$ cat final.txt   # compact mmCIF, C-alpha atoms
# COMPACT_ATOMS: atom_id res chain seq x y z
CA MET A 59 0.00 0.00 0.00
CA THR A 60 1.38 3.35 -0.98
CA ILE A 61 0.39 6.98 -0.71
CA ARG A 62 0.59 9.41 -3.61
CA CYS A 63 2.83 12.42 -3.18
CA GLU A 64 2.71 15.63 -5.22
CA ILE A 65 4.99 18.58 -4.64
CA ALA A 66 4.32 21.85 -6.47
CA SER A 67 6.24 25.07 -6.06
CA GLN A 68 4.82 28.34 -7.27
CA ASP A 69 6.48 28.09 -10.66
CA ARG A 70 6.43 24.38 -11.50
CA LEU A 71 5.53 20.83 -10.54
CA VAL A 72 8.56 19.55 -8.62
CA PHE A 73 7.63 15.94 -7.99
CA GLU A 74 4.82 13.43 -8.30
CA GLY A 75 4.91 9.75 -7.51
CA GLU A 76 4.05 6.96 -5.10
CA ALA A 77 5.57 6.71 -1.63
CA ASP A 78 5.66 4.30 1.30
CA ILE A 79 6.19 7.17 3.69
CA VAL A 80 6.54 10.94 3.35
CA VAL A 81 8.37 12.88 6.05
CA LEU A 82 7.48 16.58 6.27
CA PRO A 83 8.76 19.55 8.28
CA GLY A 84 5.41 20.47 9.85
CA VAL A 85 5.05 23.56 12.05
CA ASN A 86 4.83 21.41 15.16
CA GLY A 87 7.84 19.32 14.24
CA GLU A 88 8.77 16.71 11.72
CA MET A 89 5.95 14.32 10.85
CA GLY A 90 5.89 11.04 9.00
CA VAL A 91 2.85 10.41 6.81
CA LEU A 92 1.84 6.82 6.06
CA PRO A 93 -0.95 5.62 3.76
CA ASN A 94 -4.42 6.02 5.30
CA HIS A 95 -3.48 9.03 7.35
CA ALA A 96 -6.36 11.10 8.70
CA PRO A 97 -7.18 14.24 6.65
CA LEU A 98 -4.96 17.04 7.85
CA LEU A 99 -3.87 20.51 6.81
CA THR A 100 -0.58 21.85 8.06
CA THR A 101 1.74 24.71 7.29
CA LEU A 102 5.35 23.80 6.68
CA ASN A 103 8.55 25.05 8.20
CA LEU A 104 11.77 25.57 6.37
CA GLY A 105 13.24 22.10 6.11
CA VAL A 106 13.58 18.85 4.23
CA ILE A 107 10.92 16.58 2.74
CA LYS A 108 11.79 12.89 2.44
CA VAL A 109 9.83 10.68 0.09
CA ARG A 110 10.64 7.01 0.62
CA HIS A 111 9.58 4.37 -1.85
CA GLU A 112 10.84 0.80 -2.22
CA GLY A 113 14.07 1.49 -0.40
CA ARG A 114 15.00 4.64 -2.20
CA GLU A 115 14.66 8.07 -0.78
CA GLU A 116 14.11 11.35 -2.59
CA ILE A 117 15.11 14.45 -0.68
CA PHE A 118 13.65 17.91 -1.29
CA THR A 119 14.33 21.19 0.41
CA VAL A 120 11.31 23.36 1.11
CA THR A 121 11.25 26.94 2.34
CA GLY A 122 7.75 26.87 3.77
CA GLY A 123 4.28 26.35 2.43
CA LEU A 124 1.34 24.11 3.07
CA ALA A 125 0.59 20.41 3.00
CA GLU A 126 -2.78 18.79 2.58
CA ILE A 127 -2.97 15.18 3.65
CA GLN A 128 -5.73 12.82 2.53
CA PRO A 129 -5.77 9.07 3.17
CA ASP A 130 -4.41 8.37 -0.33
CA ILE A 131 -2.55 11.55 -1.24
CA VAL A 132 -0.19 14.17 0.16
CA THR A 133 -0.30 17.49 -1.70
CA ILE A 134 2.50 19.90 -0.90
CA LEU A 135 2.18 23.53 -1.96
CA ALA A 136 5.65 24.87 -1.41
CA ASP A 137 6.80 28.49 -1.53
CA ALA A 138 9.94 27.09 -3.16
CA ALA A 139 11.06 23.47 -3.40
CA GLU A 140 13.98 21.73 -5.04
CA HIS A 141 15.29 18.20 -5.29
CA VAL A 142 18.57 17.95 -3.47
CA ASP A 143 20.33 17.07 -6.71
CA GLU A 144 19.05 20.19 -8.41
CA ILE A 145 20.52 22.62 -5.92
CA ASP A 146 23.03 24.99 -7.41
CA ILE A 147 25.81 24.86 -4.82
CA ALA A 148 27.74 27.83 -6.17
CA ARG A 149 24.64 29.99 -6.11
CA ALA A 150 23.69 28.93 -2.60
CA GLU A 151 27.24 29.58 -1.32
CA GLU A 152 27.19 32.98 -2.90
CA ALA A 153 23.78 33.83 -1.46
CA ARG A 154 24.89 32.74 1.99
CA ALA A 155 28.07 34.79 1.85
CA ARG A 156 26.14 37.84 0.73
CA ALA A 157 23.50 37.48 3.44
CA GLN A 158 26.11 36.91 6.14
CA GLU A 159 28.02 39.96 5.10
CA LEU A 160 24.89 42.09 5.19
CA LEU A 161 23.92 40.76 8.60
CA GLU A 162 27.32 41.45 10.09
CA GLN A 163 26.90 45.09 9.23
CA GLY A 164 24.17 45.06 11.82
CA PRO A 165 20.43 45.59 11.46
CA PRO A 166 19.45 48.95 10.07
CA PRO A 167 16.98 49.89 12.85
CA GLU A 168 14.46 51.70 10.64
CA ASP A 169 14.16 48.84 8.16
CA LEU A 170 13.12 45.73 10.03
CA ASP A 171 11.50 44.11 6.98
CA ARG A 172 14.71 44.18 5.05
CA TYR A 173 16.62 42.73 7.98
CA LEU A 174 14.14 39.86 8.23
CA ALA A 175 14.34 39.28 4.48
CA ILE A 176 18.12 38.97 4.65
CA GLU A 177 17.85 36.65 7.62
CA ALA A 178 15.37 34.49 5.71
CA ALA A 179 17.72 34.41 2.70
CA LEU A 180 20.51 33.25 4.99
CA LYS A 181 18.33 30.49 6.41
CA ARG A 182 17.32 29.32 2.94
CA SER A 183 20.84 29.13 1.58
CA THR A 184 22.08 27.42 4.74
CA LEU A 185 19.29 24.86 4.43
CA ARG A 186 20.22 24.13 0.82
CA LEU A 187 23.89 23.70 1.57
CA ASP A 188 23.19 21.49 4.59
CA ALA A 189 20.86 19.33 2.52
CA VAL A 190 23.48 18.93 -0.19
CA ARG A 191 26.13 17.97 2.34
CA ARG A 192 23.97 15.47 4.17
CA TYR A 193 22.07 13.86 1.37
CA ARG A 194 23.71 14.24 -1.97
CA SER A 195 26.52 11.65 -1.85
CA GLY A 196 24.95 8.54 -3.29
CA ARG A 197 22.05 8.20 -0.89
CA SER A 198 19.63 9.34 -3.52
CA ARG A 199 19.80 7.47 -6.76
CA ILE A 200 18.51 10.12 -9.12
CA PRO A 201 21.33 10.96 -11.52
CA GLN A 202 22.53 14.51 -11.23
CA ARG A 203 21.25 16.85 -13.87
CA GLU A 204 23.50 18.58 -16.32
CA GLU A 205 22.06 21.99 -15.61
CA PRO A 206 20.96 22.57 -12.04
CA ARG A 207 17.92 24.74 -11.96
CA GLY A 208 17.43 27.74 -9.72
CA GLU A 209 14.48 28.54 -7.52
CA MET B 962 -8.74 61.26 -60.18
CA ALA B 963 -5.68 62.12 -58.12
CA ASN B 964 -2.51 62.84 -59.96
CA ALA B 965 0.25 60.29 -60.21
CA ARG B 966 2.67 61.92 -57.83
CA GLU B 967 0.14 62.12 -54.96
CA VAL B 968 -0.81 58.50 -55.43
CA LYS B 969 2.83 57.47 -55.42
CA GLN B 970 3.30 59.23 -52.10
CA ARG B 971 0.36 57.41 -50.57
CA ILE B 972 1.72 54.08 -51.75
CA ARG B 973 4.99 54.83 -50.00
CA SER B 974 3.29 55.72 -46.72
CA VAL B 975 1.08 52.62 -46.81
CA LYS B 976 4.15 50.47 -47.33
CA ASN B 977 5.86 52.15 -44.39
CA ILE B 978 2.89 51.39 -42.17
CA ALA B 979 2.95 47.79 -43.30
CA GLN B 980 6.56 47.57 -42.26
CA VAL B 981 5.77 48.83 -38.76
CA THR B 982 2.80 46.51 -38.31
CA ARG B 983 4.85 43.57 -39.52
CA ALA B 984 7.53 44.34 -36.93
CA LEU B 985 4.92 44.66 -34.16
CA GLN B 986 3.45 41.38 -35.25
CA ALA B 987 6.81 39.64 -34.90
CA VAL B 988 7.38 41.15 -31.46
CA SER B 989 3.94 40.06 -30.27
CA ALA B 990 4.49 36.56 -31.60
CA SER B 991 7.55 36.10 -29.41
CA ARG B 992 5.87 37.77 -26.41
CA VAL B 993 2.81 35.58 -26.63
CA ARG B 994 5.00 32.50 -26.55
CA LYS B 995 6.74 33.72 -23.39
CA ALA B 996 3.49 34.69 -21.73
CA MET B 997 1.95 31.30 -22.49
CA ASP B 998 4.98 29.63 -21.03
CA ALA B 999 4.67 31.60 -17.78
CA MET B 1000 0.97 30.80 -17.66
CA TYR B 1001 1.50 27.07 -18.04
CA HIS B 1002 4.27 27.01 -15.43
CA THR B 1003 2.08 28.34 -12.66
CA ARG B 1004 -0.87 26.15 -13.51
CA PRO B 1005 0.11 23.03 -11.49
CA TYR B 1006 0.38 25.07 -8.30
CA ALA B 1007 -2.82 26.97 -8.99
CA HIS B 1008 -4.67 23.72 -9.71
CA LYS B 1009 -3.50 22.05 -6.53
CA ALA B 1010 -4.26 25.10 -4.42
CA TRP B 1011 -7.72 25.06 -5.95
CA GLN B 1012 -8.13 21.40 -5.07
CA VAL B 1013 -7.19 22.02 -1.44
CA LEU B 1014 -9.59 24.92 -1.31
CA THR B 1015 -12.41 22.87 -2.77
CA HIS B 1016 -11.87 20.38 0.02
CA ILE B 1017 -12.01 23.15 2.61
CA ALA B 1018 -15.22 24.47 1.11
CA GLU B 1019 -16.77 21.03 1.39
CA GLN B 1020 -16.20 21.00 5.14
CA PRO B 1021 -19.30 21.27 7.30
CA ASP B 1022 -20.17 24.82 8.42
CA ARG B 1023 -17.84 26.44 5.93
CA GLU B 1024 -19.59 29.77 6.34
CA LEU B 1025 -18.41 29.91 9.92
CA LEU B 1026 -14.89 28.79 9.15
CA HIS B 1027 -13.47 32.10 8.01
CA PRO B 1028 -14.67 35.65 7.30
CA LEU B 1029 -13.38 35.41 3.72
CA LEU B 1030 -15.76 32.50 3.12
CA THR B 1031 -18.79 34.28 4.54
CA THR B 1032 -21.42 35.66 2.17
CA ARG B 1033 -22.89 38.98 3.32
CA ASP B 1034 -26.66 39.50 3.42
CA GLU B 1035 -26.66 42.99 1.99
CA ILE B 1036 -24.38 44.01 -0.86
CA ARG B 1037 -23.82 47.75 -0.67
CA ASN B 1038 -20.27 48.12 -1.99
CA VAL B 1039 -18.65 46.20 -4.79
CA LEU B 1040 -15.00 46.25 -5.77
CA VAL B 1041 -14.00 45.26 -9.30
CA VAL B 1042 -10.47 44.42 -10.37
CA MET B 1043 -10.27 44.97 -14.13
CA ILE B 1044 -7.23 43.81 -16.06
CA SER B 1045 -6.42 45.54 -19.35
CA SER B 1046 -3.16 46.46 -21.06
CA ASP B 1047 -0.71 49.35 -20.86
CA ARG B 1048 -0.47 49.70 -24.61
CA GLY B 1049 -3.03 49.95 -27.36
CA LEU B 1050 -2.94 48.53 -30.89
CA ALA B 1051 -4.25 45.26 -29.56
CA GLY B 1052 -7.38 44.99 -31.65
CA PRO B 1053 -10.57 44.74 -29.63
CA TYR B 1054 -8.75 43.50 -26.50
CA ASN B 1055 -9.23 46.59 -24.30
CA THR B 1056 -12.69 47.57 -25.52
CA ASN B 1057 -13.93 44.01 -25.06
CA ILE B 1058 -12.92 43.81 -21.41
CA LEU B 1059 -14.33 47.29 -20.76
CA ARG B 1060 -17.63 46.47 -22.45
CA ALA B 1061 -17.94 43.22 -20.49
CA THR B 1062 -17.18 45.08 -17.26
CA LEU B 1063 -19.71 47.85 -17.87
CA ARG B 1064 -22.36 45.37 -18.90
CA ALA B 1065 -21.78 43.40 -15.71
CA PHE B 1066 -21.75 46.29 -13.26
CA ASP B 1067 -23.60 49.30 -14.69
CA GLU B 1068 -26.96 47.96 -13.59
CA THR B 1069 -25.82 46.99 -10.10
CA PRO B 1070 -27.64 48.93 -7.38
CA ALA B 1071 -24.54 48.74 -5.17
CA LYS B 1072 -21.79 51.33 -5.28
CA VAL B 1073 -19.04 50.08 -7.58
CA ARG B 1074 -15.38 51.00 -7.29
CA TYR B 1075 -12.56 49.83 -9.52
CA ILE B 1076 -8.99 48.68 -9.25
CA SER B 1077 -7.54 49.04 -12.71
CA VAL B 1078 -4.58 47.04 -13.94
CA GLY B 1079 -3.24 48.55 -17.16
CA ARG B 1080 -3.10 52.16 -18.38
CA LYS B 1081 -5.64 51.74 -21.18
CA GLY B 1082 -8.28 50.43 -18.82
CA THR B 1083 -7.65 53.28 -16.39
CA GLU B 1084 -8.14 55.83 -19.20
CA LEU B 1085 -11.32 54.19 -20.43
CA LEU B 1086 -12.84 53.94 -16.94
CA TYR B 1087 -11.81 57.47 -16.09
CA ARG B 1088 -13.42 58.84 -19.23
CA ARG B 1089 -16.69 57.23 -18.19
CA GLY B 1090 -16.51 58.82 -14.76
CA LYS B 1091 -15.98 55.60 -12.81
CA GLU B 1092 -14.45 55.68 -9.37
CA ILE B 1093 -10.95 54.22 -9.50
CA MET B 1094 -9.47 53.42 -6.11
CA ALA B 1095 -6.15 52.05 -7.33
CA ASP B 1096 -4.30 51.93 -10.62
CA PHE B 1097 -1.63 49.36 -11.35
CA SER B 1098 -0.05 50.48 -14.60
CA GLY B 1099 3.37 49.70 -15.92
CA LEU B 1100 3.70 46.15 -14.63
CA PRO B 1101 6.81 44.36 -15.90
CA ALA B 1102 6.41 42.34 -19.11
CA GLU B 1103 7.07 39.12 -17.21
CA PRO B 1104 5.54 39.75 -13.80
CA THR B 1105 6.41 37.64 -10.77
CA PHE B 1106 4.07 36.68 -7.96
CA ALA B 1107 5.60 39.41 -5.81
CA ASP B 1108 4.75 42.05 -8.45
CA ILE B 1109 1.09 41.10 -8.47
CA SER B 1110 0.40 40.21 -4.84
CA PRO B 1111 -0.28 43.82 -3.68
CA ILE B 1112 -3.42 43.78 -5.87
CA GLY B 1113 -4.78 40.74 -4.05
CA ARG B 1114 -3.75 42.19 -0.71
CA ILE B 1115 -5.78 45.35 -1.31
CA ALA B 1116 -8.77 43.27 -2.33
CA VAL B 1117 -8.59 41.20 0.85
CA GLU B 1118 -8.10 44.26 3.05
CA GLU B 1119 -11.04 46.09 1.50
CA PHE B 1120 -13.24 43.06 1.98
CA LEU B 1121 -12.24 42.44 5.59
CA SER B 1122 -12.56 46.09 6.56
CA GLY B 1123 -16.10 46.17 5.21
CA ASN B 1124 -15.38 48.70 2.45
CA ALA B 1125 -16.37 46.06 -0.07
CA ASP B 1126 -19.00 43.36 0.36
CA GLU B 1127 -18.03 41.54 -2.80
CA VAL B 1128 -14.90 41.59 -4.91
CA TYR B 1129 -14.93 40.63 -8.59
CA LEU B 1130 -12.19 40.00 -11.07
CA MET B 1131 -12.59 40.92 -14.75
CA TYR B 1132 -9.90 39.48 -16.98
CA THR B 1133 -9.40 37.96 -20.41
CA ASP B 1134 -9.19 34.20 -20.51
CA PHE B 1135 -6.66 32.87 -22.98
CA VAL B 1136 -8.41 30.12 -24.94
CA ASN B 1137 -6.07 29.95 -27.91
CA MET B 1138 -4.21 32.22 -30.31
CA VAL B 1139 -7.32 33.49 -32.06
CA ARG B 1140 -9.80 33.34 -29.22
CA GLN B 1141 -9.69 35.27 -25.92
CA ASP B 1142 -12.79 35.68 -23.81
CA PRO B 1143 -13.55 38.33 -21.20
CA VAL B 1144 -14.38 36.55 -17.95
CA LYS B 1145 -16.07 37.68 -14.75
CA LYS B 1146 -15.00 35.84 -11.63
CA LYS B 1147 -16.05 36.31 -8.04
CA LEU B 1148 -12.93 36.71 -5.94
CA LEU B 1149 -14.43 37.27 -2.49
CA PRO B 1150 -16.20 35.89 -0.61
CA LEU B 1151 -14.71 32.71 -1.83
CA GLU B 1152 -17.24 30.39 -3.44
CA THR B 1153 -15.76 27.38 -5.07
CA GLU B 1154 -18.99 26.53 -6.90
CA SER B 1155 -19.10 29.81 -8.76
CA ALA B 1156 -15.68 29.51 -10.31
CA GLU B 1157 -15.42 29.13 -14.04
CA GLY B 1158 -12.92 28.05 -16.59
CA LEU B 1159 -10.37 25.33 -16.95
CA VAL B 1160 -9.69 24.74 -13.31
CA GLN B 1161 -13.23 23.90 -12.45
CA ALA B 1162 -13.74 21.60 -15.39
CA GLU B 1163 -10.78 19.56 -14.29
CA PHE B 1164 -11.89 19.13 -10.73
CA ALA B 1165 -15.62 18.82 -11.27
CA ASN B 1166 -15.41 15.06 -10.85
CA SER B 1167 -12.51 14.86 -8.43
CA ARG B 1168 -13.06 12.68 -5.41
CA ARG B 1169 -14.77 14.02 -2.34
CA VAL B 1170 -13.67 14.09 1.27
CA SER B 1171 -16.06 13.07 3.97
CA ALA B 1172 -14.05 13.54 7.16
CA ALA B 1173 -13.33 16.92 8.68
CA TYR B 1174 -9.73 18.07 8.66
CA LEU B 1175 -7.29 18.16 11.50
CA TYR B 1176 -5.44 21.47 11.40
CA GLU B 1177 -1.89 22.21 12.40
CA PRO B 1178 -1.12 24.69 13.95
CA GLY B 1179 -4.78 25.72 14.25
CA GLU B 1180 -7.74 26.09 11.95
CA GLU B 1181 -7.65 29.87 12.12
CA GLU B 1182 -3.94 30.26 11.48
CA ILE B 1183 -4.05 27.96 8.49
CA LEU B 1184 -7.11 29.49 6.88
CA ASP B 1185 -5.75 32.97 7.60
CA GLU B 1186 -2.74 32.07 5.55
CA ILE B 1187 -4.12 29.95 2.75
CA ILE B 1188 -7.24 31.90 1.78
CA PRO B 1189 -5.67 35.36 1.25
CA ASN B 1190 -2.74 33.66 -0.40
CA PHE B 1191 -5.00 31.83 -2.78
CA THR B 1192 -6.84 35.03 -3.60
CA ARG B 1193 -3.53 36.58 -4.61
CA LEU B 1194 -2.75 33.50 -6.63
CA GLN B 1195 -6.01 33.83 -8.54
CA VAL B 1196 -5.22 37.44 -9.38
CA PHE B 1197 -1.74 36.40 -10.49
CA GLN B 1198 -3.10 33.67 -12.75
CA ALA B 1199 -5.63 36.12 -14.18
CA VAL B 1200 -2.89 38.62 -14.97
CA LEU B 1201 -0.85 35.96 -16.74
CA GLU B 1202 -3.89 34.85 -18.75
CA SER B 1203 -4.65 38.46 -19.66
CA PHE B 1204 -1.08 39.18 -20.73
CA ALA B 1205 -1.03 36.16 -23.00
CA SER B 1206 -4.41 37.27 -24.41
CA GLU B 1207 -3.15 40.81 -24.98
CA HIS B 1208 -0.16 39.67 -27.01
CA ALA B 1209 -2.22 37.19 -28.98
CA ALA B 1210 -4.83 39.88 -29.73
CA ARG B 1211 -2.13 42.31 -30.81
CA MET B 1212 -0.51 39.72 -33.02
CA VAL B 1213 -3.77 39.00 -34.82
CA ALA B 1214 -4.60 42.71 -35.11
CA MET B 1215 -1.19 43.48 -36.58
CA GLN B 1216 -1.42 40.59 -38.99
CA ASN B 1217 -4.74 41.95 -40.24
CA ALA B 1218 -3.26 45.43 -40.53
CA THR B 1219 -0.32 44.10 -42.53
CA ASP B 1220 -2.68 42.21 -44.85
CA ASN B 1221 -4.90 45.25 -45.31
CA ALA B 1222 -1.93 47.45 -46.04
CA GLY B 1223 -0.80 45.02 -48.73
CA GLU B 1224 -4.25 45.08 -50.29
CA LEU B 1225 -4.45 48.85 -50.14
CA ALA B 1226 -1.01 49.20 -51.69
CA GLY B 1227 -2.21 46.99 -54.56
CA LEU B 1228 -5.30 49.14 -55.15
CA LEU B 1229 -3.26 52.33 -55.02
CA GLN B 1230 -0.76 50.88 -57.47
CA LEU B 1231 -3.64 50.28 -59.87
CA GLU B 1232 -4.82 53.84 -59.41
CA TYR B 1233 -1.30 55.10 -59.95
CA ASN B 1234 -1.01 53.17 -63.20
CA LYS B 1235 -4.31 54.60 -64.41
CA ALA B 1236 -3.31 58.14 -63.52
CA ARG B 1237 0.02 57.69 -65.25
CA GLN B 1238 -1.62 56.29 -68.38
CA LEU B 1239 -4.09 59.11 -68.41
CA SER B 1240 -1.41 61.75 -68.20
CA ILE B 1241 0.55 60.08 -71.05
CA THR B 1242 -2.57 59.89 -73.16
CA SER B 1243 -3.34 63.54 -72.65
CA ASP B 1244 0.30 64.44 -73.37
CA ILE B 1245 0.13 62.54 -76.65
CA LEU B 1246 -3.17 64.19 -77.52
CA ASP B 1247 -1.57 67.58 -76.89
CA ILE B 1248 1.38 66.78 -79.11
CA VAL B 1249 -0.77 65.34 -81.87
CA GLY B 1250 -3.16 68.29 -81.67
CA GLY B 1251 -0.23 70.72 -81.81
CA ALA B 1252 1.36 68.94 -84.78
CA GLU B 1253 -1.95 68.96 -86.71
CA ALA B 1254 -2.46 72.65 -86.01
CA LEU B 1255 1.03 73.34 -87.30
CA ALA B 1256 0.41 71.26 -90.47
CA LYS B 1257 -2.87 73.09 -91.14
CA SER B 1258 -1.35 76.53 -90.73
CA LYS B 1259 1.24 75.83 -93.40

$ encode --input "final.txt" --output "structure tokens"
Amino acid sequence: MTIRCEIASQDRLVFEGEADIVVLPGVNGEMGVLPNHAPLLTTLNLGVIKVRHEGREEIFTVTGGLAEIQPDIVTILADAAEHVDEIDIARAEEARARAQELLEQGPPPEDLDRYLAIEAALKRSTLRLDAVRRYRSGRSRIPQREEPRGE
Amino acid sequence: MANAREVKQRIRSVKNIAQVTRALQAVSASRVRKAMDAMYHTRPYAHKAWQVLTHIAEQPDRELLHPLLTTRDEIRNVLVVMISSDRGLAGPYNTNILRATLRAFDETPAKVRYISVGRKGTELLYRRGKEIMADFSGLPAEPTFADISPIGRIAVEEFLSGNADEVYLMYTDFVNMVRQDPVKKKLLPLETESAEGLVQAEFANSRRVSAAYLYEPGEEEILDEIIPNFTRLQVFQAVLESFASEHAARMVAMQNATDNAGELAGLLQLEYNKARQLSITSDILDIVGGAEALAKSK
């Protein structure tokens, strides 16, 4: 028995397929979703989605969004989502360096929104780099793409 | 009949116009391809968001779930978001959406205010003395979600604050390259049954949920986030549809203009030939007449 999993980000369909278990970064902590789960709506934290099927595991980074769980399907509406093998390491490194530099200059007190935006950018790039480090080496069996796509 | 030189000048100007319209046609052809691409990329997300929303709307007591889902008893104020284009020369594109909008709201007893997207629409509404509360002109050619979301935010704020009891969206649905239809869509309060177009057709026979949802963190927090967000998404999708429609309409209009210019140039060429022949004939007559007069006088 499997559960269907669909991941869409705002600009494309990132993944669809069957899964034995889907692990999500829910607001109240990481949650594993098995087939026949009760209907549930949850917002997502910044984190990693794991889709396990027949011994292989697909890893996606997600920067927030929403998940709808039905007994036979998990629908994930992500703000931005990428497969771990699609992440552009150079770009993420660069984004992290830039954000760090800006943060070290200290928060401009009159512009809190901008400060928060930079902080969020730092969190996103850190998440991507962590995910690449932890999951990319051979644990996922999807061949790496020639051209990694951006957000 | 005009003289040959005047006709020649007109032929030249008609050919110049044809050159311009042909160039515009080529530009629109590449823009419409890009716009269609953008439209198709956001569709999976929009469809899935719609599906989730349909499930929410099927929950028991949906009216009590969230203020944005609640229909008001008395409709006194209506807000209309009308999407047109910044530039003209797009055939009937702008007049069609305006006509559809006026037809839909001129008879309404409620007070109607407009949010206009696109400079042409703003001008047309202004000329008819309509009340425009916001004008979003000069959007980028390939807008992102962040560019469009202020429009949806205003709509939600106006609805929640009670300044508007209903919010409608008027946009042009992209059917194909030669067909674009003005569409009226109710944005708020959210009613999944009233939605039209592609999205609904696809989910009309999707499976139903019977059980009520569990919500994490809480029902209110989730609905507070998803419903306004989905409203913005609908506006975004409508803008993308309208942009694709605009470019398609312009392409067709420019193609027609190019064809007409070619035809006109042909007719003028004929006229020019006639005028030229006429002037030669009369020249010859003059010469012959002169020669005869000379011969007689000898």

$ closest_residue --input "final.txt" --among "A:Leu92, A:Leu160, A:Leu99, A:Val81" --to "chain B" --atoms "all atoms listed in the file"
A:Leu99

$ atom_distance --input "final.txt" --atom1 "CA of Asn1221 in chain B" --atom2 "CA of Ala996 in chain B"
27.2 Å

$ residues_around --input "final.txt" --residues "Asp137 in chain A" --least-positions-apart "2" --cutoff "6 Å" --atoms "only C-alpha atoms" --output "list in words"
Ser67, Gly122 and Gly123 of chain A

$ atom_distance --input "final.txt" --atom1 "CA of Leu180 in chain A" --atom2 "CA of Arg149 in chain A"
12.3 Å

$ closest_atom_pairs --input "final.txt" --of "chain A" --to "chain B" --cutoff "9 Å" --atoms "only C-alpha atoms" --output "tab-separated table"
residue	atom	partner	partner_atom	distance
A:Ile65	CA	B:Tyr1006	CA	8.8
A:Ala66	CA	B:Tyr1006	CA	5.4
A:Ser67	CA	B:Tyr1006	CA	6.3
A:Gln68	CA	B:Tyr1006	CA	5.6
A:Asp69	CA	B:Thr1003	CA	4.8
A:Arg70	CA	B:His1002	CA	5.2
A:Leu71	CA	B:Pro1005	CA	5.9
A:Gly84	CA	B:Glu1177	CA	7.9
A:Val85	CA	B:Pro1178	CA	6.6
A:Asn86	CA	B:Pro1178	CA	6.9
A:Ala96	CA	B:Leu1175	CA	7.7
A:Pro97	CA	B:Tyr1174	CA	5.0
A:Leu98	CA	B:Leu1175	CA	4.5
A:Leu99	CA	B:Tyr1176	CA	4.9
A:Thr100	CA	B:Glu1177	CA	4.5
A:Thr101	CA	B:Ile1183	CA	6.7
A:Leu124	CA	B:Ile1187	CA	8.0
A:Glu126	CA	B:Val1013	CA	6.8
A:Ile127	CA	B:Tyr1174	CA	8.9
A:Gln128	CA	B:Val1170	CA	8.1
A:Thr133	CA	B:Lys1009	CA	7.4
A:Ile134	CA	B:Lys1009	CA	8.5
A:Leu135	CA	B:Tyr1006	CA	6.8
A:Ala136	CA	B:Tyr1006	CA	8.7

$ residues_around --input "final.txt" --residues "Ser1110 in chain B" --least-positions-apart "2" --cutoff "12 Å" --atoms "only C-alpha atoms" --output "ChimeraX atom specification"
/B:1097,1100,1104-1108,1112-1117,1189-1200

$ atom_distance --input "final.txt" --atom1 "CA of Met1131 in chain B" --atom2 "CA of Asn1057 in chain B"
10.8 Å

$ residues_near_point --input "final.txt" --point "(-16.0, 40.1, -2.4)" --cutoff "9 Å" --atoms "all atoms listed in the file" --output "list in words"
Leu1029, Thr1032, Val1039, Leu1040, Val1041, Ala1116, Val1117, Glu1119, Phe1120, Ala1125, Asp1126, Glu1127, Val1128, Tyr1129, Lys1147, Leu1148, Leu1149, Pro1150 and Leu1151 of chain B

$ residues_around --input "final.txt" --residues "Val109 in chain A" --least-positions-apart "6" --cutoff "9 Å" --atoms "only C-alpha atoms" --output "ChimeraX atom specification"
/A:63,76-82,115-118

$ closest_residue --input "final.txt" --among "B:Lys995, B:Lys1091, B:Arg1211, B:Arg1080" --to "Arg1140 in chain B" --atoms "only C-alpha atoms"
B:Arg1211

$ residues_around --input "final.txt" --residues "Leu985 in chain B" --least-positions-apart "2" --cutoff "10 Å" --atoms "all atoms listed in the file" --output "ChimeraX atom specification"
/B:979-983,987-990,1050,1211-1212,1214-1216,1219

$ write_last_selection --input "final.txt" --atoms "C-alpha atoms" --output "tab-separated table (two decimals), in the coordinates of the input"
chain	number	residue	atom	x	y	z
B	979	ALA	CA	2.95	47.79	-43.30
B	980	GLN	CA	6.56	47.57	-42.26
B	981	VAL	CA	5.77	48.83	-38.76
B	982	THR	CA	2.80	46.51	-38.31
B	983	ARG	CA	4.85	43.57	-39.52
B	987	ALA	CA	6.81	39.64	-34.90
B	988	VAL	CA	7.38	41.15	-31.46
B	989	SER	CA	3.94	40.06	-30.27
B	990	ALA	CA	4.49	36.56	-31.60
B	1050	LEU	CA	-2.94	48.53	-30.89
B	1211	ARG	CA	-2.13	42.31	-30.81
B	1212	MET	CA	-0.51	39.72	-33.02
B	1214	ALA	CA	-4.60	42.71	-35.11
B	1215	MET	CA	-1.19	43.48	-36.58
B	1216	GLN	CA	-1.42	40.59	-38.99
B	1219	THR	CA	-0.32	44.10	-42.53

$ axis_aligned_box --input "final.txt" --around "range 1063-1073 of chain B" --padding-each-side "8 Å" --output "JSON"
{"center_x": -23.3, "center_y": 47.4, "center_z": -12.0, "size_x": 24.6, "size_y": 23.9, "size_z": 29.7}

$ residues_around --input "final.txt" --residues "Met1043 in chain B" --least-positions-apart "3" --cutoff "7 Å" --atoms "only C-alpha atoms" --output "list of chain:residue names"
B:Ile1076, B:Ser1077, B:Val1078, B:Leu1130, B:Met1131, B:Tyr1132
